[in-house]
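**Student:** Before we start, here is the structure in question, set down as structure tokens.
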Amino acid sequence: MIRKRIEGFSVFPLVTVWGMTGLFFFSVCLTIFIRLSSDLMEKGSFLFDQKVIDTIRFYASPAMDGFMVFMTEMGSSFTLGLLLVISMIWLLVKRQNRWGMLVYFITVAGGGLLNFWLKSFFGRKRLDDNRIVEADGLSFPSGHSMASMTYYGFLGYLVIRSKYKPLSKLGLVILLGLVILLIGISRIYLGVHYPSDVLAGYMAGSVWLVLCISLLEIVYVYKENKYPSPKSMPEKTEGSIL
């Protein structure tokens, strides 16, 4: 009886804290994206774009060119598609987490479709100034930035839900965040995106990511309440990819 009370008082405040944090993060990202979108439609450009481009390109060198090409490939459709398939197989075979696998696919694939629709809606042409690599299609929001946020962001969520030690989780989440950041910077460095495209991609990807994670958490809570046995506890059997 005492154990049940302790569990009851420890779980629900935690759910509330994470829920409020997620809602705040969602609101901030959505607000920034709406502001960027409205300014783009009204003005067509942003004053900070050129300043950020000049700052990033100040560090240009042959070695940096190669590094940025590598980082941009980490956010390409081919790389993320391959990593997604591997992640889904791992979730299904090793973790028996069918819902996690399904929502991971919805997060990344759905984010790609959302990005395509947003680009078509805004119709912003790509930056065409000293390109190091070629890129086709429209520009706003950045597909690489949005896709990296959805894939690596969801992977970070799985790491947080894993049974790793807190310091290991923190290190992995910081590493994934750095990968996401560098992918966005690489798009600016290589001359295929405006900084505002990258920022909008991060914001749109974050909004979609929070929605998908919330969906999965609702599924976990439902399963926990319906099947309150140790084997069905999501944090023990379904929250980890590693």
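Ligands are numbered from 1 in the order shown, chains are lettered A, B, ... in the order of the structure tokens, and residues start at 1 in each chain.
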Neighbours of Tyr189 in chain A within 12 Å (only C-alpha atoms; same-chain residues fewer than 2 positions away dropped), as an mmCIF file with N, CA and C atoms, in the first residue's frame?

**Tutor:**
```cif
data_model
loop_
_atom_site.group_PDB
_atom_site.id
_atom_site.type_symbol
_atom_site.label_atom_id
_atom_site.label_comp_id
_atom_site.auth_asym_id
_atom_site.auth_seq_id
_atom_site.Cartn_x
_atom_site.Cartn_y
_atom_site.Cartn_z
ATOM 1 N N GLN A 50 22.471 37.923 -43.684
ATOM 2 C CA GLN A 50 23.795 38.196 -44.256
ATOM 3 C C GLN A 50 24.862 38.273 -43.182
ATOM 4 N N VAL A 52 24.974 36.588 -40.359
ATOM 5 C CA VAL A 52 25.301 35.228 -39.934
ATOM 6 C C VAL A 52 26.116 34.513 -41.009
ATOM 7 N N ILE A 53 25.735 34.716 -42.278
ATOM 8 C CA ILE A 53 26.473 34.094 -43.388
ATOM 9 C C ILE A 53 27.924 34.561 -43.397
ATOM 10 N N ASP A 54 28.138 35.865 -43.238
ATOM 11 C CA ASP A 54 29.495 36.402 -43.246
ATOM 12 C C ASP A 54 30.314 35.852 -42.077
ATOM 13 N N THR A 55 29.688 35.714 -40.923
ATOM 14 C CA THR A 55 30.392 35.196 -39.745
ATOM 15 C C THR A 55 30.821 33.748 -39.955
ATOM 16 N N ILE A 56 29.917 32.935 -40.478
ATOM 17 C CA ILE A 56 30.225 31.511 -40.688
ATOM 18 C C ILE A 56 31.277 31.330 -41.776
ATOM 19 N N ARG A 57 31.162 32.083 -42.852
ATOM 20 C CA ARG A 57 32.100 31.926 -43.966
ATOM 21 C C ARG A 57 33.465 32.538 -43.682
ATOM 22 N N PHE A 58 33.573 33.269 -42.600
ATOM 23 C CA PHE A 58 34.864 33.817 -42.193
ATOM 24 C C PHE A 58 35.852 32.694 -41.896
ATOM 25 N N TYR A 59 35.330 31.530 -41.507
ATOM 26 C CA TYR A 59 36.169 30.392 -41.136
ATOM 27 C C TYR A 59 36.350 29.406 -42.285
ATOM 28 N N ALA A 60 36.083 29.838 -43.500
ATOM 29 C CA ALA A 60 36.183 28.946 -44.658
ATOM 30 C C ALA A 60 37.623 28.503 -44.904
ATOM 31 N N SER A 61 37.772 27.242 -45.261
ATOM 32 C CA SER A 61 39.065 26.659 -45.622
ATOM 33 C C SER A 61 38.793 25.332 -46.310
ATOM 34 N N MET A 64 37.710 22.826 -43.757
ATOM 35 C CA MET A 64 36.362 23.100 -43.264
ATOM 36 C C MET A 64 35.321 22.731 -44.312
ATOM 37 N N ASP A 65 35.652 22.937 -45.594
ATOM 38 C CA ASP A 65 34.742 22.535 -46.669
ATOM 39 C C ASP A 65 34.413 21.048 -46.567
ATOM 40 N N GLY A 66 35.446 20.228 -46.411
ATOM 41 C CA GLY A 66 35.247 18.792 -46.319
ATOM 42 C C GLY A 66 34.434 18.396 -45.105
ATOM 43 N N PHE A 67 34.705 19.048 -43.966
ATOM 44 C CA PHE A 67 33.972 18.736 -42.744
ATOM 45 C C PHE A 67 32.497 19.098 -42.887
ATOM 46 N N MET A 68 32.213 20.256 -43.485
ATOM 47 C CA MET A 68 30.835 20.688 -43.634
ATOM 48 C C MET A 68 30.070 19.827 -44.640
ATOM 49 N N VAL A 69 30.751 19.351 -45.668
ATOM 50 C CA VAL A 69 30.103 18.429 -46.606
ATOM 51 C C VAL A 69 29.728 17.136 -45.881
ATOM 52 N N MET A 71 29.117 16.823 -42.646
ATOM 53 C CA MET A 71 28.010 17.091 -41.716
ATOM 54 C C MET A 71 26.686 17.219 -42.458
ATOM 55 N N THR A 72 26.714 17.843 -43.632
ATOM 56 C CA THR A 72 25.456 17.987 -44.365
ATOM 57 C C THR A 72 24.938 16.632 -44.832
ATOM 58 N N LEU A 127 19.245 30.338 -51.595
ATOM 59 C CA LEU A 127 20.403 31.218 -51.656
ATOM 60 C C LEU A 127 21.291 30.780 -52.820
ATOM 61 N N ASP A 129 24.652 32.065 -53.844
ATOM 62 C CA ASP A 129 25.823 32.928 -53.699
ATOM 63 C C ASP A 129 26.999 32.106 -53.191
ATOM 64 N N ASN A 130 27.972 31.880 -54.063
ATOM 65 C CA ASN A 130 29.182 31.138 -53.703
ATOM 66 C C ASN A 130 28.875 29.747 -53.150
ATOM 67 N N ARG A 131 28.055 29.016 -53.866
ATOM 68 C CA ARG A 131 27.718 27.662 -53.417
ATOM 69 C C ARG A 131 28.924 26.735 -53.525
ATOM 70 N N ILE A 132 29.087 25.887 -52.510
ATOM 71 C CA ILE A 132 30.132 24.880 -52.533
ATOM 72 C C ILE A 132 29.572 23.558 -53.058
ATOM 73 N N VAL A 133 28.295 23.324 -52.807
ATOM 74 C CA VAL A 133 27.604 22.144 -53.337
ATOM 75 C C VAL A 133 26.331 22.617 -54.029
ATOM 76 N N LEU A 182 25.355 21.397 -36.067
ATOM 77 C CA LEU A 182 26.351 21.424 -37.128
ATOM 78 C C LEU A 182 25.749 21.156 -38.501
ATOM 79 N N ILE A 183 24.705 20.334 -38.546
ATOM 80 C CA ILE A 183 24.026 20.096 -39.830
ATOM 81 C C ILE A 183 23.414 21.396 -40.336
ATOM 82 N N GLY A 184 22.787 22.138 -39.452
ATOM 83 C CA GLY A 184 22.214 23.420 -39.857
ATOM 84 C C GLY A 184 23.270 24.412 -40.288
ATOM 85 N N ILE A 185 24.361 24.493 -39.526
ATOM 86 C CA ILE A 185 25.447 25.401 -39.879
ATOM 87 C C ILE A 185 26.050 25.022 -41.229
ATOM 88 N N SER A 186 26.146 23.722 -41.486
ATOM 89 C CA SER A 186 26.733 23.273 -42.757
ATOM 90 C C SER A 186 25.923 23.753 -43.954
ATOM 91 N N ARG A 187 24.610 23.844 -43.803
ATOM 92 C CA ARG A 187 23.771 24.306 -44.912
ATOM 93 C C ARG A 187 24.021 25.772 -45.224
ATOM 94 N N GLY A 191 26.410 27.375 -48.637
ATOM 95 C CA GLY A 191 25.765 28.342 -49.520
ATOM 96 C C GLY A 191 24.459 27.892 -50.130
ATOM 97 N N VAL A 192 23.750 26.981 -49.472
ATOM 98 C CA VAL A 192 22.492 26.487 -50.043
ATOM 99 C C VAL A 192 21.269 26.901 -49.228
ATOM 100 N N HIS A 193 21.493 27.579 -48.091
ATOM 101 C CA HIS A 193 20.367 28.022 -47.272
ATOM 102 C C HIS A 193 20.693 29.334 -46.570
ATOM 103 N N TYR A 194 19.667 30.144 -46.379
ATOM 104 C CA TYR A 194 19.760 31.305 -45.517
ATOM 105 C C TYR A 194 19.693 30.842 -44.057
ATOM 106 N N PRO A 195 20.299 31.574 -43.140
ATOM 107 C CA PRO A 195 20.167 31.244 -41.716
ATOM 108 C C PRO A 195 18.715 31.194 -41.254
ATOM 109 N N VAL A 198 17.283 27.806 -41.899
ATOM 110 C CA VAL A 198 17.749 26.814 -40.933
ATOM 111 C C VAL A 198 17.008 26.962 -39.609
#
```

**Student:** When you look at range 83-94 of chain A with a cut-off of 12 Å (counting only C-alpha atoms), what residues show up, excluding the ones that are within fewer than 5 positions of it in the same chain? I need them as a CSV table (one decimal) with N, CA and C atoms, in the first residue's frame.

**Tutor:**
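As a result, around.csv now contains:
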```
chain,number,residue,atom,x,y,z
A,74,MET,N,25.2,14.0,-43.1
A,74,MET,CA,24.6,13.4,-41.9
A,74,MET,C,23.1,13.8,-41.8
A,75,GLY,N,22.7,14.8,-42.5
A,75,GLY,CA,21.3,15.2,-42.5
A,75,GLY,C,20.6,15.0,-43.8
A,76,SER,N,21.2,14.2,-44.7
A,76,SER,CA,20.6,14.0,-46.0
A,76,SER,C,19.5,12.9,-45.9
A,77,SER,N,18.7,12.9,-47.0
A,77,SER,CA,17.5,12.0,-47.0
A,77,SER,C,18.0,10.5,-47.0
A,78,PHE,N,19.1,10.3,-47.7
A,78,PHE,CA,19.6,8.9,-47.8
A,78,PHE,C,20.1,8.4,-46.4
A,99,TRP,N,5.1,0.4,-30.9
A,99,TRP,CA,4.6,1.7,-30.9
A,99,TRP,C,5.7,2.7,-31.1
A,100,GLY,N,6.8,2.5,-30.4
A,100,GLY,CA,8.0,3.4,-30.6
A,100,GLY,C,8.4,3.4,-32.0
A,101,MET,N,8.5,2.2,-32.6
A,101,MET,CA,8.9,2.1,-34.0
A,101,MET,C,8.0,2.8,-35.0
A,102,LEU,N,6.7,2.7,-34.7
A,102,LEU,CA,5.7,3.3,-35.6
A,102,LEU,C,5.7,4.8,-35.4
A,103,VAL,N,5.8,5.3,-34.2
A,103,VAL,CA,5.9,6.8,-34.0
A,103,VAL,C,7.2,7.4,-34.5
A,104,TYR,N,8.3,6.6,-34.4
A,104,TYR,CA,9.5,7.1,-35.0
A,104,TYR,C,9.4,7.3,-36.5
A,105,PHE,N,8.8,6.4,-37.1
A,105,PHE,CA,8.6,6.5,-38.6
A,105,PHE,C,7.7,7.7,-38.9
A,106,ILE,N,6.6,7.8,-38.1
A,106,ILE,CA,5.7,9.0,-38.3
A,106,ILE,C,6.4,10.3,-38.1
A,107,THR,N,7.3,10.3,-37.1
A,107,THR,CA,8.0,11.6,-36.8
A,107,THR,C,8.9,12.0,-37.9
A,108,VAL,N,9.7,11.1,-38.5
A,108,VAL,CA,10.7,11.4,-39.5
A,108,VAL,C,10.0,11.5,-40.9
A,109,ALA,N,9.2,10.5,-41.3
A,109,ALA,CA,8.5,10.6,-42.6
A,109,ALA,C,7.5,11.7,-42.6
A,147,ALA,N,14.7,17.8,-40.8
A,147,ALA,CA,14.8,16.3,-40.7
A,147,ALA,C,15.8,15.9,-39.6
A,148,SER,N,16.9,16.6,-39.5
A,148,SER,CA,17.8,16.3,-38.4
A,148,SER,C,17.2,16.5,-37.0
A,150,THR,N,14.0,16.1,-36.3
A,150,THR,CA,13.1,15.0,-36.0
A,150,THR,C,13.8,13.7,-35.8
A,151,TYR,N,14.8,13.3,-36.6
A,151,TYR,CA,15.4,12.1,-36.4
A,151,TYR,C,16.3,12.1,-35.1
A,152,TYR,N,17.3,13.0,-35.1
A,152,TYR,CA,18.2,13.0,-33.9
A,152,TYR,C,17.5,13.4,-32.7
A,154,PHE,N,14.3,12.7,-31.9
A,154,PHE,CA,13.6,11.6,-31.4
A,154,PHE,C,14.6,10.6,-30.8
A,155,LEU,N,15.7,10.4,-31.4
A,155,LEU,CA,16.8,9.5,-30.8
A,155,LEU,C,17.2,10.0,-29.4
A,158,LEU,N,14.6,8.9,-26.9
A,158,LEU,CA,14.8,7.5,-26.6
A,158,LEU,C,16.0,7.3,-25.6
A,237,THR,N,10.5,-1.4,-20.5
A,237,THR,CA,10.5,-2.2,-21.7
A,237,THR,C,10.4,-1.5,-23.0
A,238,GLU,N,9.9,-0.3,-23.0
A,238,GLU,CA,9.6,0.3,-24.3
A,238,GLU,C,10.2,1.7,-24.5
A,239,GLY,N,11.0,2.2,-23.5
A,239,GLY,CA,11.5,3.5,-23.6
A,239,GLY,C,13.0,3.6,-24.1
A,240,SER,N,13.6,2.5,-24.5
A,240,SER,CA,15.0,2.6,-24.9
A,240,SER,C,15.2,2.0,-26.2
A,241,ILE,N,16.2,2.6,-26.9
A,241,ILE,CA,16.6,2.1,-28.2
A,241,ILE,C,18.0,1.4,-28.0
A,242,LEU,N,18.6,1.7,-26.9
A,242,LEU,CA,20.0,1.3,-26.7
A,242,LEU,C,20.2,0.2,-25.6
```

**Student:** Rounded to one decimal place, report the CA of Met149 in chain A-CA of Glu224 in chain A distance in Å.

**Tutor:**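 These atoms are spaced 28.3 Å apart.
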
**Student:** Per residue of range 6-81 of chain A within 12 Å of range 202-213 of chain A, record the nearest atom pair and its distance in Å to one decimal, counting only C-alpha atoms, with rows in chain order and ascending residue number, as a Markdown table.

**Tutor:**
```
| residue | atom | partner | partner_atom | distance |
| --- | --- | --- | --- | --- |
| A:Trp18 | CA | A:Val210 | CA | 11.2 |
| A:Gly19 | CA | A:Val210 | CA | 10.2 |
| A:Met20 | CA | A:Val210 | CA | 11.8 |
| A:Thr21 | CA | A:Val210 | CA | 10.4 |
| A:Gly22 | CA | A:Val210 | CA | 6.7 |
| A:Leu23 | CA | A:Val210 | CA | 8.3 |
| A:Phe24 | CA | A:Val210 | CA | 10.4 |
| A:Phe25 | CA | A:Val210 | CA | 8.3 |
| A:Phe26 | CA | A:Val207 | CA | 5.5 |
| A:Ser27 | CA | A:Val207 | CA | 8.2 |
| A:Val28 | CA | A:Met203 | CA | 8.6 |
| A:Cys29 | CA | A:Met203 | CA | 4.9 |
| A:Leu30 | CA | A:Val207 | CA | 6.2 |
| A:Thr31 | CA | A:Met203 | CA | 8.8 |
| A:Ile32 | CA | A:Met203 | CA | 6.9 |
| A:Phe33 | CA | A:Met203 | CA | 5.7 |
| A:Ile34 | CA | A:Ala204 | CA | 9.3 |
| A:Arg35 | CA | A:Met203 | CA | 10.8 |
| A:Leu36 | CA | A:Met203 | CA | 9.7 |
| A:Ser37 | CA | A:Ala204 | CA | 10.6 |
```

**Student:** Using only C-alpha atoms, find the one residue out of A:Ala200, A:Leu82, A:Met41, A:Leu47 that sits nearest to Phe140 in chain A.

**Tutor:** A:Ala200

**Student:** Per DSSP on the backbone, what are the alpha helix (DSSP H) residues of range 106-214 of chain A, as an MDAnalysis selection string?

**Tutor:** chainID A and resid 106:122 143:160 166:189 195:214

**Student:** For each of A:Leu215, A:Leu118, A:Val159, A:Leu190, take the minimum atom-to-atom distance to Ser142 in chain A, counting only C-alpha atoms, then give the residue where this is smallest.

**Tutor:**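 Looking only at the distances to Ser142 in chain A, the closest residue turns out to be A:Leu118.
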
**Student:** Rank nothing, just name the residue among A:Gly137, A:Pro62, A:Gly44, A:Gly156 nearest to Ser196 in chain A, using only C-alpha atoms.

**Tutor:**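 Counting only C-alpha atoms, the residue closest to Ser196 in chain A is A:Gly44.
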